[in-house]
Amino acid sequence: MDQNEVIIRVGGAAGDGVQSAGLIIGKVFSRNGLHVQTYNYYQSIIRGGQSWYQIRASHNRVKSQGDGLDILIALNKDAIERHTNPKINEGGASPLDGIAVYDTALGDFTKYEKIKYCGLPLGEIAQKYSRNTLLKNTVAIGAVFGYLSLDFETLAGVIRDQFGGKGEIAELNVKAAKEGYDTFVTKYGKSSKALNPEEKRFYLISGGETAGMGAVRAGLKAYFGYPMTPASSIIHYLAAHSRKFDVFVKITEDEISAINMAIGANYAGIRAMTGSSGGGFALMTEAVGMAAEMEIPLVVYEAQRAGPSTGLPTKTEQGDLLQIIGASQGDFPKAVFSPRNVEEVYYMAGEALNLAEKYQMPVFLMVDLYLAEHYETVEKFDFTPDIVRPPFAKGDEKDYRRYAYTETGVSMRALPGTPNLMHNEDSDEHDEKGDVVSDAVTDPEIRRKIMEKRMKKLETYIKELPPTPSYLMEDAEYAVVQWGSTQGAVEEAVDILRSKGLKVGVIEVNRPFPVNQDIRDLVRGKKKVIFVENNYTGQLRRLISSEIGVTGDIITKYDGESFYPGALATQIEEKIRK
């Protein structure tokens, strides 16, 4: 175990309380002033199968779930056999090289070298306090923190919060954890490389939660959605806090209803958004075109799972980029955001709402299952409201034209019912006033002008694009191009390569559409350009190549799991040395 960090994995079956145990561990670390990243590997069943939850904690900022494994909590025999076997240490870049905590009731199993197997009567201890078999998880958590020499009272506080305060159930769990803590220390002792607490405190929060928080900061008043993993996390968060945030949350009968309700609310002047995963978004695409035609602001939170069709509902992928860009028929202005981390989700959610209303066009906030559902520590958020709303027409205009031709392509909206601002809103093509031009005779000149008027929005927005973010590009001889949630693993991989003397930098695309022209400048003169993507075809590479002519080698991963920095560093180095 590194003196500055520890990586813990809780393994078991669905229904064993794997995720809740992992979150308790993550919260304890964050309250001890440590940086944390988590990774949730689970199946789309209620009980059975195999799942695990990984927690990486460090004195230094952590950017990914890391490589290898220091401590395993095995809640069943499958978990201890799976995660200690170097051949099938699923998901990890290297096997366990530390301690394995397990229930002695598991019986015999194959044991491997370099691992210290620490069996405890987890179930027996748990039964002293409750008949609930999940209490053995709490005993095991106590044992791990005893090994790490972290203050028990911090763990006790997290347990009490998890179980709603100082009630009987909470106190039974605290006592069970304390016995696990003491029993482990008595039997096996403490780690010689225990992490020391720090005075700092962090938020431990997921991407779905920060998407909801960021939207509320920017004035969100209504969210419409149909539950679909992994987009459901934003619904859960907003619904749980709807009264506090004064946000109306509606679970609709399907995705078609959700997006049309969001469009209707925005038309009425209420800031609203919707969201789904790829399969649900496929049902929304016709309405995306309607919002664009009627020039109504629309934000869609799109959380990618591994596809196509139902695909892998609980696995991650970056496979929807071209679907989003090609959503609906015809040409119309749109913007696509792909935040790189949990903190950036927060700020981009608000930016998306402001941008959609500024340009009266669809804006897509794209994440993936990894970013939507994993937890990171964040030091500080700016909670100052960030609501930018262009003015509405007041009713004193002499000749109101809802779709007036302007230099920016943006026309002044009118709230429904405003006196003297009668106009037509229609999904058919129309003129400046909104009158349909496709009934008796289609006027080619009007069609040309209204089309150019809409597309001017995109031309205007492109001029306002901020610089594409980068990492260590100042002296880089090789450029890695990534987008979205792969940021952390890619940056850590580059750090590894830098330690070997390879001058590698990263171009981090967090606004994939419209494509920023500055990417061409960033890659100029580089010996090699390498794209890293969590999909099969290299969708960002295809997009950038078609838009601005920049291409390069490609590293893809499409097994449903995220990148690991150590393995990725090896792949990048192989591309460089070809």
# chains A, B, ... in the order shown; residues from 1 in each chain; ligands from 1
>>> residues_around(residues="His236 (chain A)", least_positions_apart="4", cutoff="10 Å", atoms="only C-alpha atoms", output="list in words")
Gly208, Glu209, Gly212, Pro227, Ala231, Ser232, Ala240, His241, Ser242 and Val249 of chain A
>>> write_last_selection(atoms="N, CA and C atoms", output="short mmCIF file (atom, residue, chain, number, x, y, z; two decimals), in the first residue's frame")
data_model
loop_
_atom_site.label_atom_id
_atom_site.label_comp_id
_atom_site.auth_asym_id
_atom_site.auth_seq_id
_atom_site.Cartn_x
_atom_site.Cartn_y
_atom_site.Cartn_z
N GLY A 208 -24.46 12.61 -11.43
CA GLY A 208 -25.89 12.84 -11.54
C GLY A 208 -26.39 13.87 -10.55
N GLU A 209 -25.83 13.82 -9.33
CA GLU A 209 -26.21 14.79 -8.30
C GLU A 209 -25.74 16.19 -8.66
N GLY A 212 -27.89 17.86 -11.25
CA GLY A 212 -29.09 18.46 -10.68
C GLY A 212 -28.80 19.73 -9.92
N PRO A 227 -37.49 7.05 -15.97
CA PRO A 227 -36.29 6.43 -15.42
C PRO A 227 -35.60 5.48 -16.40
N ALA A 231 -29.26 7.57 -16.52
CA ALA A 231 -29.77 8.94 -16.40
C ALA A 231 -30.66 9.12 -15.18
N SER A 232 -31.04 8.04 -14.54
CA SER A 232 -31.99 8.12 -13.42
C SER A 232 -31.41 8.85 -12.21
N ALA A 240 -35.68 13.93 -4.61
CA ALA A 240 -35.44 13.91 -3.17
C ALA A 240 -35.33 15.32 -2.59
N HIS A 241 -34.95 16.30 -3.42
CA HIS A 241 -34.75 17.67 -2.94
C HIS A 241 -35.71 18.65 -3.61
N SER A 242 -36.78 18.16 -4.17
CA SER A 242 -37.66 19.03 -4.97
C SER A 242 -38.31 20.13 -4.13
N VAL A 249 -40.76 17.98 -10.27
CA VAL A 249 -40.20 16.79 -10.90
C VAL A 249 -41.34 15.88 -11.32
#
>>> residues_around(residues="region 289-299 of chain A", least_positions_apart="6", cutoff="10 Å", atoms="only C-alpha atoms", output="PyMOL selection string")
chain A and resi 215+259-260+262-269+271-275+327-336+349+352-365+402-403+410-411+413+424-430+434+450-451+454
>>> residues_around(residues="Ala404 (chain A)", least_positions_apart="4", cutoff="9 Å", atoms="only C-alpha atoms", output="list in words")
Tyr400, Gly409, Val410, Ser411, Met412, Asp431, Glu432, Lys433, Ile450 and Lys453 of chain A
>>> write_last_selection(atoms="N, CA and C atoms", output="mmCIF file, in the first residue's frame")
data_model
loop_
_atom_site.group_PDB
_atom_site.id
_atom_site.type_symbol
_atom_site.label_atom_id
_atom_site.label_comp_id
_atom_site.auth_asym_id
_atom_site.auth_seq_id
_atom_site.Cartn_x
_atom_site.Cartn_y
_atom_site.Cartn_z
ATOM 1 N N TYR A 400 -44.565 43.094 -34.073
ATOM 2 C CA TYR A 400 -43.809 42.005 -33.474
ATOM 3 C C TYR A 400 -43.619 40.855 -34.450
ATOM 4 N N GLY A 409 -28.964 35.846 -35.365
ATOM 5 C CA GLY A 409 -29.900 34.750 -35.568
ATOM 6 C C GLY A 409 -30.878 34.572 -34.427
ATOM 7 N N VAL A 410 -30.713 35.356 -33.356
ATOM 8 C CA VAL A 410 -31.575 35.232 -32.179
ATOM 9 C C VAL A 410 -32.651 36.303 -32.232
ATOM 10 N N SER A 411 -33.904 35.904 -32.102
ATOM 11 C CA SER A 411 -35.041 36.824 -32.091
ATOM 12 C C SER A 411 -35.635 36.883 -30.687
ATOM 13 N N MET A 412 -36.372 37.933 -30.397
ATOM 14 C CA MET A 412 -36.930 38.104 -29.063
ATOM 15 C C MET A 412 -38.160 37.222 -28.878
ATOM 16 N N ASP A 431 -42.447 31.912 -41.670
ATOM 17 C CA ASP A 431 -41.755 33.166 -41.962
ATOM 18 C C ASP A 431 -41.435 33.893 -40.656
ATOM 19 N N GLU A 432 -41.053 35.150 -40.737
ATOM 20 C CA GLU A 432 -40.667 35.917 -39.552
ATOM 21 C C GLU A 432 -41.766 35.963 -38.498
ATOM 22 N N LYS A 433 -43.027 36.029 -38.941
ATOM 23 C CA LYS A 433 -44.139 36.137 -37.999
ATOM 24 C C LYS A 433 -44.576 34.788 -37.449
ATOM 25 N N ILE A 450 -35.067 32.059 -43.605
ATOM 26 C CA ILE A 450 -35.337 31.597 -42.242
ATOM 27 C C ILE A 450 -34.337 30.515 -41.826
ATOM 28 N N LYS A 453 -31.190 32.305 -41.007
ATOM 29 C CA LYS A 453 -31.383 32.996 -39.731
ATOM 30 C C LYS A 453 -31.118 32.052 -38.553
#
>>> select_by_dssp(residues="region 80-275 of chain A", states="strand (DSSP E or B)", output="JSON list (two decimals) with C-alpha atoms, in the first residue's frame")
[["chain", "number", "residue", "atom", "x", "y", "z"],
["A", 96, "LEU", "CA", -4.73, -7.60, -5.07],
["A", 97, "ASP", "CA", -1.41, -7.14, -3.31],
["A", 98, "GLY", "CA", -2.45, -6.52, 0.27],
["A", 99, "ILE", "CA", -5.06, -7.91, 2.67],
["A", 100, "ALA", "CA", -8.34, -9.71, 2.11],
["A", 101, "VAL", "CA", -10.97, -9.43, 4.83],
["A", 102, "TYR", "CA", -13.58, -12.18, 4.73],
["A", 103, "ASP", "CA", -16.00, -14.18, 6.85],
["A", 116, "LYS", "CA", -2.57, -11.64, 3.66],
["A", 117, "TYR", "CA", -5.88, -13.40, 4.26],
["A", 118, "CYS", "CA", -7.63, -11.97, 7.32],
["A", 119, "GLY", "CA", -10.58, -14.10, 8.26],
["A", 120, "LEU", "CA", -13.00, -12.87, 10.94],
["A", 203, "TYR", "CA", -18.01, 17.12, -0.73],
["A", 204, "LEU", "CA", -18.37, 13.50, -1.87],
["A", 205, "ILE", "CA", -20.82, 13.61, -4.73],
["A", 206, "SER", "CA", -21.75, 11.91, -8.01],
["A", 222, "ALA", "CA", -39.00, 21.68, -13.75],
["A", 223, "TYR", "CA", -37.50, 18.35, -14.72],
["A", 224, "PHE", "CA", -39.37, 15.75, -16.78],
["A", 225, "GLY", "CA", -38.01, 12.26, -17.26],
["A", 248, "PHE", "CA", -41.25, 20.36, -10.04],
["A", 249, "VAL", "CA", -40.20, 16.79, -10.90],
["A", 250, "LYS", "CA", -42.46, 14.70, -13.12],
["A", 251, "ILE", "CA", -41.93, 11.01, -13.89],
["A", 272, "ALA", "CA", -37.07, 23.02, -17.66],
["A", 273, "MET", "CA", -34.96, 20.12, -18.87],
["A", 274, "THR", "CA", -35.25, 16.44, -19.57],
["A", 275, "GLY", "CA", -32.90, 13.50, -19.80]]
>>> select_by_dssp(residues="region 75-206 of chain A", states="helix (DSSP H, G or I)", output="short mmCIF file (atom, residue, chain, number, x, y, z; two decimals) with N, CA and C atoms, in the first residue's frame")
data_model
loop_
_atom_site.label_atom_id
_atom_site.label_comp_id
_atom_site.auth_asym_id
_atom_site.auth_seq_id
_atom_site.Cartn_x
_atom_site.Cartn_y
_atom_site.Cartn_z
N LYS A 77 -18.01 -16.06 -1.25
CA LYS A 77 -16.87 -16.84 -1.74
C LYS A 77 -16.49 -16.44 -3.15
N ASP A 78 -17.46 -16.15 -3.98
CA ASP A 78 -17.16 -15.73 -5.35
C ASP A 78 -16.26 -14.50 -5.34
N ALA A 79 -16.54 -13.56 -4.44
CA ALA A 79 -15.77 -12.32 -4.39
C ALA A 79 -14.32 -12.58 -4.03
N ILE A 80 -14.08 -13.43 -3.04
CA ILE A 80 -12.68 -13.64 -2.63
C ILE A 80 -11.92 -14.44 -3.68
N GLU A 81 -12.59 -15.37 -4.36
CA GLU A 81 -11.91 -16.13 -5.40
C GLU A 81 -11.68 -15.27 -6.64
N ARG A 82 -12.62 -14.42 -6.96
CA ARG A 82 -12.52 -13.58 -8.15
C ARG A 82 -11.47 -12.48 -7.99
N HIS A 83 -11.47 -11.81 -6.89
CA HIS A 83 -10.65 -10.61 -6.76
C HIS A 83 -9.27 -10.85 -6.17
N THR A 84 -8.98 -12.09 -5.79
CA THR A 84 -7.61 -12.40 -5.38
C THR A 84 -6.89 -13.20 -6.46
N THR A 104 -15.01 -16.02 8.08
CA THR A 104 -14.47 -17.38 8.21
C THR A 104 -15.51 -18.45 7.89
N ALA A 105 -16.79 -18.06 7.87
CA ALA A 105 -17.84 -19.02 7.53
C ALA A 105 -17.83 -19.38 6.04
N LEU A 106 -17.03 -18.70 5.23
CA LEU A 106 -16.99 -19.00 3.81
C LEU A 106 -16.37 -20.36 3.53
N LEU A 122 -17.35 -12.61 10.83
CA LEU A 122 -18.19 -11.43 10.57
C LEU A 122 -19.65 -11.71 10.88
N GLY A 123 -20.15 -12.86 10.41
CA GLY A 123 -21.55 -13.19 10.62
C GLY A 123 -21.88 -13.41 12.09
N GLU A 124 -20.97 -14.07 12.81
CA GLU A 124 -21.21 -14.31 14.23
C GLU A 124 -21.27 -13.00 15.01
N ILE A 125 -20.34 -12.11 14.70
CA ILE A 125 -20.35 -10.82 15.39
C ILE A 125 -21.63 -10.06 15.06
N ALA A 126 -22.03 -10.08 13.80
CA ALA A 126 -23.23 -9.37 13.38
C ALA A 126 -24.48 -9.87 14.10
N GLN A 127 -24.56 -11.17 14.29
CA GLN A 127 -25.75 -11.76 14.91
C GLN A 127 -25.92 -11.36 16.37
N LEU A 135 -25.59 -6.79 8.36
CA LEU A 135 -24.80 -6.14 9.41
C LEU A 135 -23.34 -6.60 9.39
N LYS A 136 -23.09 -7.75 8.77
CA LYS A 136 -21.69 -8.22 8.70
C LYS A 136 -20.86 -7.27 7.84
N ASN A 137 -21.50 -6.55 6.91
CA ASN A 137 -20.78 -5.54 6.12
C ASN A 137 -20.20 -4.47 7.04
N THR A 138 -21.01 -4.04 8.00
CA THR A 138 -20.58 -3.01 8.94
C THR A 138 -19.41 -3.50 9.78
N VAL A 139 -19.46 -4.77 10.17
CA VAL A 139 -18.36 -5.37 10.94
C VAL A 139 -17.08 -5.33 10.11
N ALA A 140 -17.19 -5.70 8.83
CA ALA A 140 -16.02 -5.72 7.95
C ALA A 140 -15.46 -4.31 7.74
N ILE A 141 -16.35 -3.33 7.60
CA ILE A 141 -15.89 -1.94 7.45
C ILE A 141 -15.12 -1.51 8.69
N GLY A 142 -15.66 -1.84 9.86
CA GLY A 142 -14.95 -1.53 11.10
C GLY A 142 -13.57 -2.16 11.13
N ALA A 143 -13.47 -3.40 10.66
CA ALA A 143 -12.19 -4.10 10.64
C ALA A 143 -11.17 -3.37 9.77
N VAL A 144 -11.61 -2.91 8.60
CA VAL A 144 -10.70 -2.21 7.67
C VAL A 144 -10.19 -0.91 8.29
N PHE A 145 -11.05 -0.16 8.95
CA PHE A 145 -10.60 1.09 9.53
C PHE A 145 -9.75 0.87 10.78
N GLY A 146 -9.93 -0.28 11.43
CA GLY A 146 -9.00 -0.64 12.49
C GLY A 146 -7.62 -0.90 11.91
N TYR A 147 -7.56 -1.61 10.81
CA TYR A 147 -6.30 -1.89 10.13
C TYR A 147 -5.61 -0.60 9.71
N PHE A 152 -12.14 5.96 15.05
CA PHE A 152 -13.41 5.25 14.96
C PHE A 152 -14.60 6.20 14.99
N GLU A 153 -14.49 7.30 15.71
CA GLU A 153 -15.64 8.20 15.86
C GLU A 153 -16.10 8.79 14.51
N THR A 154 -15.16 8.98 13.58
CA THR A 154 -15.57 9.46 12.25
C THR A 154 -16.42 8.41 11.56
N LEU A 155 -16.01 7.15 11.64
CA LEU A 155 -16.81 6.06 11.08
C LEU A 155 -18.16 5.99 11.77
N ALA A 156 -18.18 6.12 13.08
CA ALA A 156 -19.45 6.08 13.82
C ALA A 156 -20.40 7.18 13.35
N GLY A 157 -19.86 8.37 13.09
CA GLY A 157 -20.69 9.47 12.62
C GLY A 157 -21.28 9.20 11.26
N VAL A 158 -20.49 8.61 10.36
CA VAL A 158 -21.01 8.27 9.03
C VAL A 158 -22.10 7.21 9.13
N ILE A 159 -21.88 6.21 9.97
CA ILE A 159 -22.89 5.15 10.15
C ILE A 159 -24.19 5.74 10.67
N ARG A 160 -24.09 6.64 11.64
CA ARG A 160 -25.31 7.25 12.18
C ARG A 160 -26.04 8.05 11.11
N ASP A 161 -25.29 8.77 10.29
CA ASP A 161 -25.92 9.51 9.19
C ASP A 161 -26.60 8.56 8.21
N GLN A 162 -25.94 7.45 7.93
CA GLN A 162 -26.46 6.47 6.97
C GLN A 162 -27.78 5.88 7.45
N GLU A 168 -32.00 3.26 17.33
CA GLU A 168 -31.54 1.95 17.77
C GLU A 168 -30.75 1.23 16.69
N ILE A 169 -31.26 1.27 15.45
CA ILE A 169 -30.58 0.58 14.36
C ILE A 169 -29.20 1.16 14.13
N ALA A 170 -29.12 2.50 14.17
CA ALA A 170 -27.83 3.16 13.98
C ALA A 170 -26.84 2.74 15.05
N GLU A 171 -27.28 2.72 16.30
CA GLU A 171 -26.37 2.40 17.40
C GLU A 171 -25.94 0.94 17.37
N LEU A 172 -26.82 0.04 16.93
CA LEU A 172 -26.43 -1.36 16.79
C LEU A 172 -25.35 -1.51 15.74
N ASN A 173 -25.47 -0.76 14.65
CA ASN A 173 -24.46 -0.80 13.60
C ASN A 173 -23.13 -0.22 14.10
N VAL A 174 -23.20 0.83 14.89
CA VAL A 174 -21.98 1.42 15.44
C VAL A 174 -21.27 0.40 16.35
N LYS A 175 -22.04 -0.29 17.19
CA LYS A 175 -21.44 -1.29 18.09
C LYS A 175 -20.83 -2.44 17.30
N ALA A 176 -21.52 -2.87 16.23
CA ALA A 176 -20.99 -3.96 15.41
C ALA A 176 -19.69 -3.54 14.74
N ALA A 177 -19.65 -2.31 14.22
CA ALA A 177 -18.44 -1.80 13.59
C ALA A 177 -17.29 -1.72 14.59
N LYS A 178 -17.60 -1.31 15.81
CA LYS A 178 -16.55 -1.19 16.84
C LYS A 178 -15.98 -2.55 17.20
N GLU A 179 -16.84 -3.55 17.26
CA GLU A 179 -16.32 -4.89 17.56
C GLU A 179 -15.46 -5.39 16.41
N GLY A 180 -15.86 -5.11 15.17
CA GLY A 180 -15.03 -5.48 14.02
C GLY A 180 -13.70 -4.77 14.06
N TYR A 181 -13.72 -3.50 14.40
CA TYR A 181 -12.51 -2.66 14.53
C TYR A 181 -11.55 -3.28 15.55
N ASP A 182 -12.06 -3.54 16.73
CA ASP A 182 -11.21 -4.05 17.82
C ASP A 182 -10.75 -5.48 17.56
N THR A 183 -11.64 -6.31 17.02
CA THR A 183 -11.29 -7.71 16.78
C THR A 183 -10.17 -7.83 15.75
N PHE A 184 -10.24 -7.03 14.71
CA PHE A 184 -9.19 -7.09 13.68
C PHE A 184 -7.84 -6.66 14.26
N VAL A 185 -7.84 -5.55 14.98
CA VAL A 185 -6.58 -5.04 15.53
C VAL A 185 -5.96 -6.05 16.49
N THR A 186 -6.80 -6.69 17.32
CA THR A 186 -6.31 -7.69 18.27
C THR A 186 -5.71 -8.89 17.56
N LYS A 187 -6.35 -9.32 16.49
CA LYS A 187 -5.94 -10.55 15.82
C LYS A 187 -4.82 -10.32 14.80
N TYR A 188 -4.90 -9.21 14.05
CA TYR A 188 -3.97 -9.02 12.93
C TYR A 188 -3.10 -7.77 13.05
#
>>> decode(residues="region 242-274 of chain A", atoms="N, CA and C atoms", output="PDB file, in the first residue's frame")
ATOM      1  N   SER A 242     -36.783  18.162  -4.175  1.00  0.00           N
ATOM      2  CA  SER A 242     -37.662  19.026  -4.967  1.00  0.00           C
ATOM      3  C   SER A 242     -38.306  20.135  -4.134  1.00  0.00           C
ATOM      4  N   ARG A 243     -38.686  19.835  -2.913  1.00  0.00           N
ATOM      5  CA  ARG A 243     -39.300  20.869  -2.061  1.00  0.00           C
ATOM      6  C   ARG A 243     -38.266  21.908  -1.642  1.00  0.00           C
ATOM      7  N   LYS A 244     -37.090  21.428  -1.287  1.00  0.00           N
ATOM      8  CA  LYS A 244     -36.031  22.350  -0.866  1.00  0.00           C
ATOM      9  C   LYS A 244     -35.623  23.277  -2.003  1.00  0.00           C
ATOM     10  N   PHE A 245     -35.538  22.732  -3.211  1.00  0.00           N
ATOM     11  CA  PHE A 245     -35.085  23.515  -4.359  1.00  0.00           C
ATOM     12  C   PHE A 245     -36.231  24.201  -5.100  1.00  0.00           C
ATOM     13  N   ASP A 246     -37.472  23.909  -4.702  1.00  0.00           N
ATOM     14  CA  ASP A 246     -38.641  24.460  -5.395  1.00  0.00           C
ATOM     15  C   ASP A 246     -38.615  24.086  -6.879  1.00  0.00           C
ATOM     16  N   VAL A 247     -38.391  22.797  -7.136  1.00  0.00           N
ATOM     17  CA  VAL A 247     -38.349  22.276  -8.506  1.00  0.00           C
ATOM     18  C   VAL A 247     -39.435  21.226  -8.666  1.00  0.00           C
ATOM     19  N   PHE A 248     -40.211  21.346  -9.725  1.00  0.00           N
ATOM     20  CA  PHE A 248     -41.246  20.364 -10.040  1.00  0.00           C
ATOM     21  C   PHE A 248     -40.602  19.203 -10.790  1.00  0.00           C
ATOM     22  N   VAL A 249     -40.759  17.982 -10.267  1.00  0.00           N
ATOM     23  CA  VAL A 249     -40.197  16.791 -10.905  1.00  0.00           C
ATOM     24  C   VAL A 249     -41.337  15.879 -11.317  1.00  0.00           C
ATOM     25  N   LYS A 250     -41.392  15.545 -12.582  1.00  0.00           N
ATOM     26  CA  LYS A 250     -42.455  14.702 -13.117  1.00  0.00           C
ATOM     27  C   LYS A 250     -41.873  13.449 -13.753  1.00  0.00           C
ATOM     28  N   ILE A 251     -42.288  12.280 -13.258  1.00  0.00           N
ATOM     29  CA  ILE A 251     -41.931  11.014 -13.888  1.00  0.00           C
ATOM     30  C   ILE A 251     -43.019  10.717 -14.909  1.00  0.00           C
ATOM     31  N   THR A 252     -42.669  10.793 -16.167  1.00  0.00           N
ATOM     32  CA  THR A 252     -43.664  10.672 -17.237  1.00  0.00           C
ATOM     33  C   THR A 252     -43.872   9.211 -17.644  1.00  0.00           C
ATOM     34  N   GLU A 253     -44.871   8.992 -18.515  1.00  0.00           N
ATOM     35  CA  GLU A 253     -45.160   7.622 -18.945  1.00  0.00           C
ATOM     36  C   GLU A 253     -44.139   7.105 -19.948  1.00  0.00           C
ATOM     37  N   ASP A 254     -43.420   8.001 -20.615  1.00  0.00           N
ATOM     38  CA  ASP A 254     -42.369   7.595 -21.550  1.00  0.00           C
ATOM     39  C   ASP A 254     -41.507   8.803 -21.888  1.00  0.00           C
ATOM     40  N   GLU A 255     -40.466   8.562 -22.672  1.00  0.00           N
ATOM     41  CA  GLU A 255     -39.521   9.623 -23.005  1.00  0.00           C
ATOM     42  C   GLU A 255     -40.112  10.652 -23.958  1.00  0.00           C
ATOM     43  N   ILE A 256     -41.046  10.234 -24.793  1.00  0.00           N
ATOM     44  CA  ILE A 256     -41.683  11.180 -25.719  1.00  0.00           C
ATOM     45  C   ILE A 256     -42.448  12.239 -24.932  1.00  0.00           C
ATOM     46  N   SER A 257     -43.181  11.793 -23.939  1.00  0.00           N
ATOM     47  CA  SER A 257     -43.908  12.742 -23.092  1.00  0.00           C
ATOM     48  C   SER A 257     -42.936  13.658 -22.351  1.00  0.00           C
ATOM     49  N   ALA A 258     -41.844  13.089 -21.867  1.00  0.00           N
ATOM     50  CA  ALA A 258     -40.887  13.870 -21.075  1.00  0.00           C
ATOM     51  C   ALA A 258     -40.338  15.046 -21.868  1.00  0.00           C
ATOM     52  N   ILE A 259     -39.878  14.795 -23.077  1.00  0.00           N
ATOM     53  CA  ILE A 259     -39.255  15.873 -23.838  1.00  0.00           C
ATOM     54  C   ILE A 259     -40.294  16.889 -24.299  1.00  0.00           C
ATOM     55  N   ASN A 260     -41.494  16.444 -24.640  1.00  0.00           N
ATOM     56  CA  ASN A 260     -42.521  17.400 -25.064  1.00  0.00           C
ATOM     57  C   ASN A 260     -43.007  18.262 -23.904  1.00  0.00           C
ATOM     58  N   MET A 261     -43.067  17.687 -22.698  1.00  0.00           N
ATOM     59  CA  MET A 261     -43.411  18.495 -21.528  1.00  0.00           C
ATOM     60  C   MET A 261     -42.327  19.533 -21.243  1.00  0.00           C
ATOM     61  N   ALA A 262     -41.058  19.132 -21.408  1.00  0.00           N
ATOM     62  CA  ALA A 262     -39.960  20.083 -21.192  1.00  0.00           C
ATOM     63  C   ALA A 262     -40.025  21.221 -22.204  1.00  0.00           C
ATOM     64  N   ILE A 263     -40.340  20.893 -23.444  1.00  0.00           N
ATOM     65  CA  ILE A 263     -40.471  21.929 -24.474  1.00  0.00           C
ATOM     66  C   ILE A 263     -41.632  22.863 -24.146  1.00  0.00           C
ATOM     67  N   GLY A 264     -42.744  22.287 -23.712  1.00  0.00           N
ATOM     68  CA  GLY A 264     -43.909  23.102 -23.370  1.00  0.00           C
ATOM     69  C   GLY A 264     -43.628  24.038 -22.206  1.00  0.00           C
ATOM     70  N   ALA A 265     -42.939  23.533 -21.193  1.00  0.00           N
ATOM     71  CA  ALA A 265     -42.608  24.383 -20.047  1.00  0.00           C
ATOM     72  C   ALA A 265     -41.679  25.524 -20.463  1.00  0.00           C
ATOM     73  N   ASN A 266     -40.674  25.219 -21.268  1.00  0.00           N
ATOM     74  CA  ASN A 266     -39.764  26.259 -21.729  1.00  0.00           C
ATOM     75  C   ASN A 266     -40.485  27.285 -22.605  1.00  0.00           C
ATOM     76  N   TYR A 267     -41.417  26.826 -23.419  1.00  0.00           N
ATOM     77  CA  TYR A 267     -42.203  27.745 -24.243  1.00  0.00           C
ATOM     78  C   TYR A 267     -42.956  28.732 -23.346  1.00  0.00           C
ATOM     79  N   ALA A 268     -43.425  28.240 -22.200  1.00  0.00           N
ATOM     80  CA  ALA A 268     -44.174  29.085 -21.278  1.00  0.00           C
ATOM     81  C   ALA A 268     -43.272  29.951 -20.407  1.00  0.00           C
ATOM     82  N   GLY A 269     -41.945  29.844 -20.600  1.00  0.00           N
ATOM     83  CA  GLY A 269     -41.017  30.679 -19.843  1.00  0.00           C
ATOM     84  C   GLY A 269     -40.489  30.053 -18.582  1.00  0.00           C
ATOM     85  N   ILE A 270     -40.763  28.763 -18.354  1.00  0.00           N
ATOM     86  CA  ILE A 270     -40.284  28.053 -17.165  1.00  0.00           C
ATOM     87  C   ILE A 270     -39.033  27.277 -17.536  1.00  0.00           C
ATOM     88  N   ARG A 271     -37.956  27.488 -16.815  1.00  0.00           N
ATOM     89  CA  ARG A 271     -36.729  26.750 -17.124  1.00  0.00           C
ATOM     90  C   ARG A 271     -36.915  25.282 -16.792  1.00  0.00           C
ATOM     91  N   ALA A 272     -36.835  24.444 -17.828  1.00  0.00           N
ATOM     92  CA  ALA A 272     -37.070  23.017 -17.661  1.00  0.00           C
ATOM     93  C   ALA A 272     -36.063  22.238 -18.490  1.00  0.00           C
ATOM     94  N   MET A 273     -35.836  21.002 -18.089  1.00  0.00           N
ATOM     95  CA  MET A 273     -34.962  20.123 -18.868  1.00  0.00           C
ATOM     96  C   MET A 273     -35.468  18.701 -18.771  1.00  0.00           C
ATOM     97  N   THR A 274     -34.901  17.851 -19.574  1.00  0.00           N
ATOM     98  CA  THR A 274     -35.248  16.440 -19.568  1.00  0.00           C
ATOM     99  C   THR A 274     -33.971  15.638 -19.709  1.00  0.00           C
TER     100      THR A 274
END
